[in-house]
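**Student:** The following block contains the structure, expressed as structure tokens.
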Amino acid sequence: MTDLHRLSIREMSEGLQKAQFSSRELTQHYLDRIAKIDPQVKAYISVCSELALAEADAADTLRKNDQAGQLTGIPLAHKDIFCTKGIKTSAGSKMLDNFISPYDATVVEKTKAAGLVTLGKVNMDEFAMGSTSESSYYGATRNPWNLEHVPGGSSGGSAAVIAADLAPLATGTDTGGSIRQPASFCGLTGLKPTYGRVSRFGIVAFASSLDQAGPMARSAEDCAYLMNVMAGHDDKDSTSMEVPVDDYVAQLNSTQLKGLRIGIPKQYFSVDGLAADVKARTEQALQQLKDLGAELIEIDLSMIDSYVPTYYLIAPAEASSNLSRYDGVRYGYRCDNPVDLKDLYERSRSEAFGAEVQRRILIGTYALSAGYYDAYYVKAQKVRRLIQQDFLKAFENVDVIAAPAAPTTAYKLGASLDPVAMYLGDIYTIAVNLAGLPAINAPVGFDAQQLPVGLQLIGNYWQEAQLLSVVHQYQQSTDWHTQRPAIAEENA
Ligand code: GLN
């Protein structure tokens, strides 16, 4: 079969169950596509062919013995920020280019236990800091819709492999938009869960009070399958919560669109720099949701001007603390011939961290330093609380909040050299992380250059099932999520 990659996760699961194809065939099909197409997309840092085929064979044996679960034998790719035992985990950095984790992240443990087959590890901005995947030590990944454009970031590799059909599912992480923005740039569905919903254990830390892992795929239905595997409390992550996990697949039709109150923050749609096509496509999608029975209600989210300054103090502050562990001593890169300990620290860190990571460490260290702590870090934490309260107030009157995922479609490669301009592009995603809320991106059309546009829906705490359900029903009556770039139509 040449078109296995066109199946949804449900169809793949059924095909495996009915023995229409084996996991080995399905896995080999993706490995062949990766060998042929990935040299253009440049999304994989590590392809695990042998291991994947061995996992596929094990999955086929489980199926023969009637011990298979729904996802047993279905392939996926992991963002290279999830620790994988025996396979390099680089976080896109020279610092970890030689790092082979001695253990699996909880998310990886769970995907293995569900029988999912790991195709490989995919590219990302260095330590997840960025919005284009260009800050990776391994070079830029291309947007499958137009190879001259970026796939977004930081989970750009995860988005690119799904858009080009080089994996049917991928994990991502989202500290300030890194699942939703690349999903938007590549025409995909991506869910950033409530903070505490998914274990952070074994995920290379960027900003620990903001980091959260989630699923990326074509549709809300596909995401729901992976979310069922990823979600849940973990004793190894003290910030993961013991809140009952929904069956996200079973609940795909559980939310009534009729009467659903969708909040439209008036400040969000009048942002300077919101591209006309993005505004038009997102408004069109909202109109469609209205036609399906939802009620559109204008709301106020007046803290919007504080989002970027608050996030860009808190995230770098936590990063500077988290990244202090890379000392050239215990693991990771070590400079040649250090003359003393100070030289070892200095040269190991300056030789192995890229420019954006060093910039964040400098900003964060400054914000946390004794003389400036109150003026910057403490103040930012207070503003963070106000941002959260702004959302909670809005949720008194609406069920979900709609926004663009990003002000523009995918940038051209090399276009975003100015860091501040890049930070401003995070305006629609970062407040969600500051507040710890769940949010989803759904593809809703294209701009004049045929680049995808995304709509973001933000939910109240623990409402992932509702977000997936709303997007699923929208996708039942639209076909943006099934459209594929030309490169995905190529056969291996
Ligand atoms: N673009 C944002 C940043 O650079 C978000 C990154 C992320 O979510 N990991 O920090």
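By convention here, the chains of the structure tokens are called A, B, ... in the order presented, each chain's residues are numbered starting at 1, and ligands are numbered starting at 1 in the order presented.
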Once you count only C-alpha atoms and all ligand atoms, which residues end up within 7 Å of ligand 1, and could you hand them over as a list of chain:residue names?
**Tutor:**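 Selection of residues at most 7 Å from ligand 1: A:Ala128, A:Met129, A:Gly130, A:Ser131, A:Gly153, A:Ser154, A:Thr173, A:Asp174, A:Thr175, A:Gly176, A:Gly177, A:Ser178, A:Ile179, A:Ala315, A:Tyr423, A:Asp426.
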**Student:** Can you spit out the residues from that selection as an mmCIF file, in the first residue's frame, using N, CA and C atoms?
**Tutor:**
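The file below, part.cif, is the result:
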data_model
loop_
_atom_site.group_PDB
_atom_site.id
_atom_site.type_symbol
_atom_site.label_atom_id
_atom_site.label_comp_id
_atom_site.auth_asym_id
_atom_site.auth_seq_id
_atom_site.Cartn_x
_atom_site.Cartn_y
_atom_site.Cartn_z
ATOM 1 N N ALA A 128 14.250 24.860 23.309
ATOM 2 C CA ALA A 128 12.855 25.304 23.096
ATOM 3 C C ALA A 128 12.698 26.816 23.150
ATOM 4 N N MET A 129 13.819 27.536 22.973
ATOM 5 C CA MET A 129 13.751 29.004 23.013
ATOM 6 C C MET A 129 13.726 29.540 21.596
ATOM 7 N N GLY A 130 12.537 29.897 21.143
ATOM 8 C CA GLY A 130 12.419 30.450 19.807
ATOM 9 C C GLY A 130 11.059 30.145 19.211
ATOM 10 N N SER A 131 10.856 30.667 18.012
ATOM 11 C CA SER A 131 9.562 30.544 17.351
ATOM 12 C C SER A 131 9.708 30.112 15.898
ATOM 13 N N GLY A 153 8.038 27.340 15.781
ATOM 14 C CA GLY A 153 8.845 26.732 16.835
ATOM 15 C C GLY A 153 8.248 27.034 18.198
ATOM 16 N N SER A 154 8.769 26.411 19.206
ATOM 17 C CA SER A 154 9.974 25.606 19.098
ATOM 18 C C SER A 154 9.741 24.181 18.600
ATOM 19 N N THR A 173 6.264 20.283 23.147
ATOM 20 C CA THR A 173 6.133 20.981 24.429
ATOM 21 C C THR A 173 5.827 22.443 24.146
ATOM 22 N N ASP A 174 5.169 23.068 25.131
ATOM 23 C CA ASP A 174 4.665 24.428 24.945
ATOM 24 C C ASP A 174 4.924 25.200 26.234
ATOM 25 N N THR A 175 5.883 26.126 26.166
ATOM 26 C CA THR A 175 6.239 26.963 27.303
ATOM 27 C C THR A 175 5.627 28.348 27.123
ATOM 28 N N GLY A 176 5.501 28.719 25.830
ATOM 29 C CA GLY A 176 4.904 30.018 25.506
ATOM 30 C C GLY A 176 4.250 29.979 24.126
ATOM 31 N N GLY A 177 3.918 28.780 23.666
ATOM 32 C CA GLY A 177 3.249 28.670 22.356
ATOM 33 C C GLY A 177 3.841 27.632 21.435
ATOM 34 N N SER A 178 4.834 26.908 21.928
ATOM 35 C CA SER A 178 5.629 26.033 21.053
ATOM 36 C C SER A 178 4.909 24.818 20.489
ATOM 37 N N ILE A 179 3.689 24.530 20.936
ATOM 38 C CA ILE A 179 2.861 23.531 20.250
ATOM 39 C C ILE A 179 1.903 24.259 19.305
ATOM 40 N N ALA A 315 10.144 33.730 31.904
ATOM 41 C CA ALA A 315 10.729 32.579 31.187
ATOM 42 C C ALA A 315 12.258 32.613 31.206
ATOM 43 N N TYR A 423 9.897 38.085 19.645
ATOM 44 C CA TYR A 423 9.161 37.960 20.913
ATOM 45 C C TYR A 423 7.728 38.489 20.752
ATOM 46 N N ASP A 426 4.793 36.301 19.823
ATOM 47 C CA ASP A 426 4.237 35.357 20.800
ATOM 48 C C ASP A 426 3.029 35.926 21.542
#
**Student:** With a distance cut-off of 6 Å and only C-alpha atoms, select the neighbouring residues of stretch 260-272 of chain A, excluding the residue or stretch itself and same-chain residues fewer than 4 positions from it, and output the selection as number ranges by chain.
**Tutor:** A: 294-301, 398-402
**Student:** Hey, can you spit out that residue selection with C-alpha atoms as a compact mmCIF listing (two decimals), in the first residue's frame?
**Tutor:**
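Contents of the output file out_39.txt:
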# COMPACT_ATOMS: atom_id res chain seq x y z
CA ALA A 294 -22.18 28.80 19.10
CA GLU A 295 -22.74 32.25 20.52
CA LEU A 296 -19.99 34.86 19.97
CA ILE A 297 -19.58 37.23 22.89
CA GLU A 298 -17.21 40.18 22.93
CA ILE A 299 -15.03 40.18 26.05
CA ASP A 300 -12.25 42.25 27.59
CA LEU A 301 -8.74 40.94 28.16
CA VAL A 398 -17.92 32.38 28.42
CA ASP A 399 -16.99 28.71 27.93
CA VAL A 400 -13.99 29.17 25.65
CA ILE A 401 -11.98 32.12 24.37
CA ALA A 402 -11.01 32.49 20.71
**Student:** What parts of stretch 10-189 of chain A does DSSP call strand (DSSP E or B)? I'd like the answer as a PyMOL selection string.
**Tutor:** chain A and resi 44-47+75-79+82+84+87-88+100+117-122+143+146+149+170-173+189
**Student:** Find the residues of stretch 183-249 of chain A that sit at most 8 Å from stretch 404-415 of chain A; for each, write down the nearest two atoms and how far apart they are in Å, to one decimal. Count only C-alpha atoms. Sort by chain, then by number going up, and give it as a Markdown table.
**Tutor:**
| residue | atom | partner | partner_atom | distance |
| --- | --- | --- | --- | --- |
| A:Ser184 | CA | A:Ala405 | CA | 6.4 |
| A:Phe185 | CA | A:Ala410 | CA | 5.1 |
| A:Cys186 | CA | A:Ala410 | CA | 7.9 |
**Student:** Let me see the file: selected residues, all heavy atoms, as a PDB file, in the first residue's frame.
**Tutor:**
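Output (selection-v5.pdb):
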ATOM      1  N   SER A 184      -0.085  25.977  13.994  1.00  0.00           N
ATOM      2  CA  SER A 184      -0.715  27.014  13.169  1.00  0.00           C
ATOM      3  C   SER A 184       0.063  27.211  11.857  1.00  0.00           C
ATOM      4  O   SER A 184      -0.526  27.233  10.778  1.00  0.00           O
ATOM      5  CB  SER A 184      -0.763  28.316  13.975  1.00  0.00           C
ATOM      6  OG  SER A 184      -1.143  29.391  13.171  1.00  0.00           O
ATOM      7  N   PHE A 185       1.374  27.308  11.950  1.00  0.00           N
ATOM      8  CA  PHE A 185       2.212  27.551  10.756  1.00  0.00           C
ATOM      9  C   PHE A 185       2.181  26.374   9.775  1.00  0.00           C
ATOM     10  O   PHE A 185       2.455  26.551   8.600  1.00  0.00           O
ATOM     11  CB  PHE A 185       3.665  27.823  11.164  1.00  0.00           C
ATOM     12  CG  PHE A 185       3.936  29.233  11.645  1.00  0.00           C
ATOM     13  CD1 PHE A 185       2.900  30.110  11.951  1.00  0.00           C
ATOM     14  CD2 PHE A 185       5.248  29.686  11.796  1.00  0.00           C
ATOM     15  CE1 PHE A 185       3.160  31.403  12.395  1.00  0.00           C
ATOM     16  CE2 PHE A 185       5.522  30.990  12.228  1.00  0.00           C
ATOM     17  CZ  PHE A 185       4.478  31.845  12.541  1.00  0.00           C
ATOM     18  N   CYS A 186       1.893  25.174  10.271  1.00  0.00           N
ATOM     19  CA  CYS A 186       1.932  23.987   9.402  1.00  0.00           C
ATOM     20  C   CYS A 186       0.544  23.389   9.137  1.00  0.00           C
ATOM     21  O   CYS A 186       0.439  22.308   8.563  1.00  0.00           O
ATOM     22  CB  CYS A 186       2.853  22.924  10.006  1.00  0.00           C
ATOM     23  SG  CYS A 186       4.597  23.394   9.963  1.00  0.00           S
TER      24      CYS A 186
END
**Student:** I need the residues in stretch 352-478 of chain A that are alpha helix (DSSP H) according to DSSP; give them as a ChimeraX atom specification.
**Tutor:** /A:352,355-368,379-394,419-424,430-435,464-476
**Student:** Got a sec: who's within 10 Å of A:Gly202, counting only C-alpha atoms, leaving out chain neighbours fewer than 5 positions off, as a compact mmCIF listing (two decimals) with N, CA, C and O atoms, in the first residue's frame?
**Tutor:**
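Output below, filename part_28.txt:
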# COMPACT_ATOMS: atom_id res chain seq x y z
N ILE A 81 13.33 16.89 23.00
CA ILE A 81 13.43 17.45 24.35
C ILE A 81 13.01 16.39 25.38
O ILE A 81 13.21 16.55 26.57
N PHE A 82 12.40 15.30 24.89
CA PHE A 82 11.96 14.21 25.77
C PHE A 82 13.10 13.21 25.91
O PHE A 82 13.61 12.70 24.90
N CYS A 83 13.49 12.92 27.12
CA CYS A 83 14.58 11.96 27.33
C CYS A 83 14.15 10.58 26.85
O CYS A 83 13.05 10.11 27.17
N THR A 84 15.02 9.97 26.06
CA THR A 84 14.77 8.63 25.53
C THR A 84 15.98 7.77 25.85
O THR A 84 17.09 8.08 25.42
N SER A 101 20.43 9.74 27.24
CA SER A 101 19.76 9.68 28.54
C SER A 101 19.77 8.25 29.09
O SER A 101 19.52 7.30 28.35
N TYR A 103 17.54 7.22 31.10
CA TYR A 103 16.14 6.87 31.42
C TYR A 103 15.19 7.53 30.43
O TYR A 103 15.57 8.44 29.70
N ASP A 104 13.95 7.04 30.41
CA ASP A 104 12.91 7.61 29.56
C ASP A 104 12.11 8.67 30.32
O ASP A 104 11.81 8.49 31.52
N ALA A 105 11.70 9.73 29.63
CA ALA A 105 10.71 10.66 30.19
C ALA A 105 9.43 9.88 30.45
O ALA A 105 9.16 8.87 29.77
N THR A 106 8.63 10.34 31.40
CA THR A 106 7.36 9.65 31.68
C THR A 106 6.49 9.58 30.43
O THR A 106 5.88 8.54 30.14
N VAL A 107 6.45 10.65 29.65
CA VAL A 107 5.65 10.64 28.42
C VAL A 107 6.14 9.53 27.48
O VAL A 107 5.34 8.83 26.85
N VAL A 108 7.45 9.37 27.38
CA VAL A 108 8.01 8.34 26.49
C VAL A 108 7.69 6.95 27.04
O VAL A 108 7.29 6.05 26.29
N GLU A 109 7.82 6.81 28.36
CA GLU A 109 7.45 5.54 29.00
C GLU A 109 6.00 5.19 28.67
O GLU A 109 5.67 4.05 28.35
N LYS A 236 6.59 11.27 39.90
CA LYS A 236 7.93 11.83 39.66
C LYS A 236 7.88 13.31 39.28
O LYS A 236 8.94 13.91 39.06
N ASP A 237 6.69 13.89 39.12
CA ASP A 237 6.58 15.33 38.84
C ASP A 237 5.62 15.92 39.86
O ASP A 237 4.41 15.74 39.78
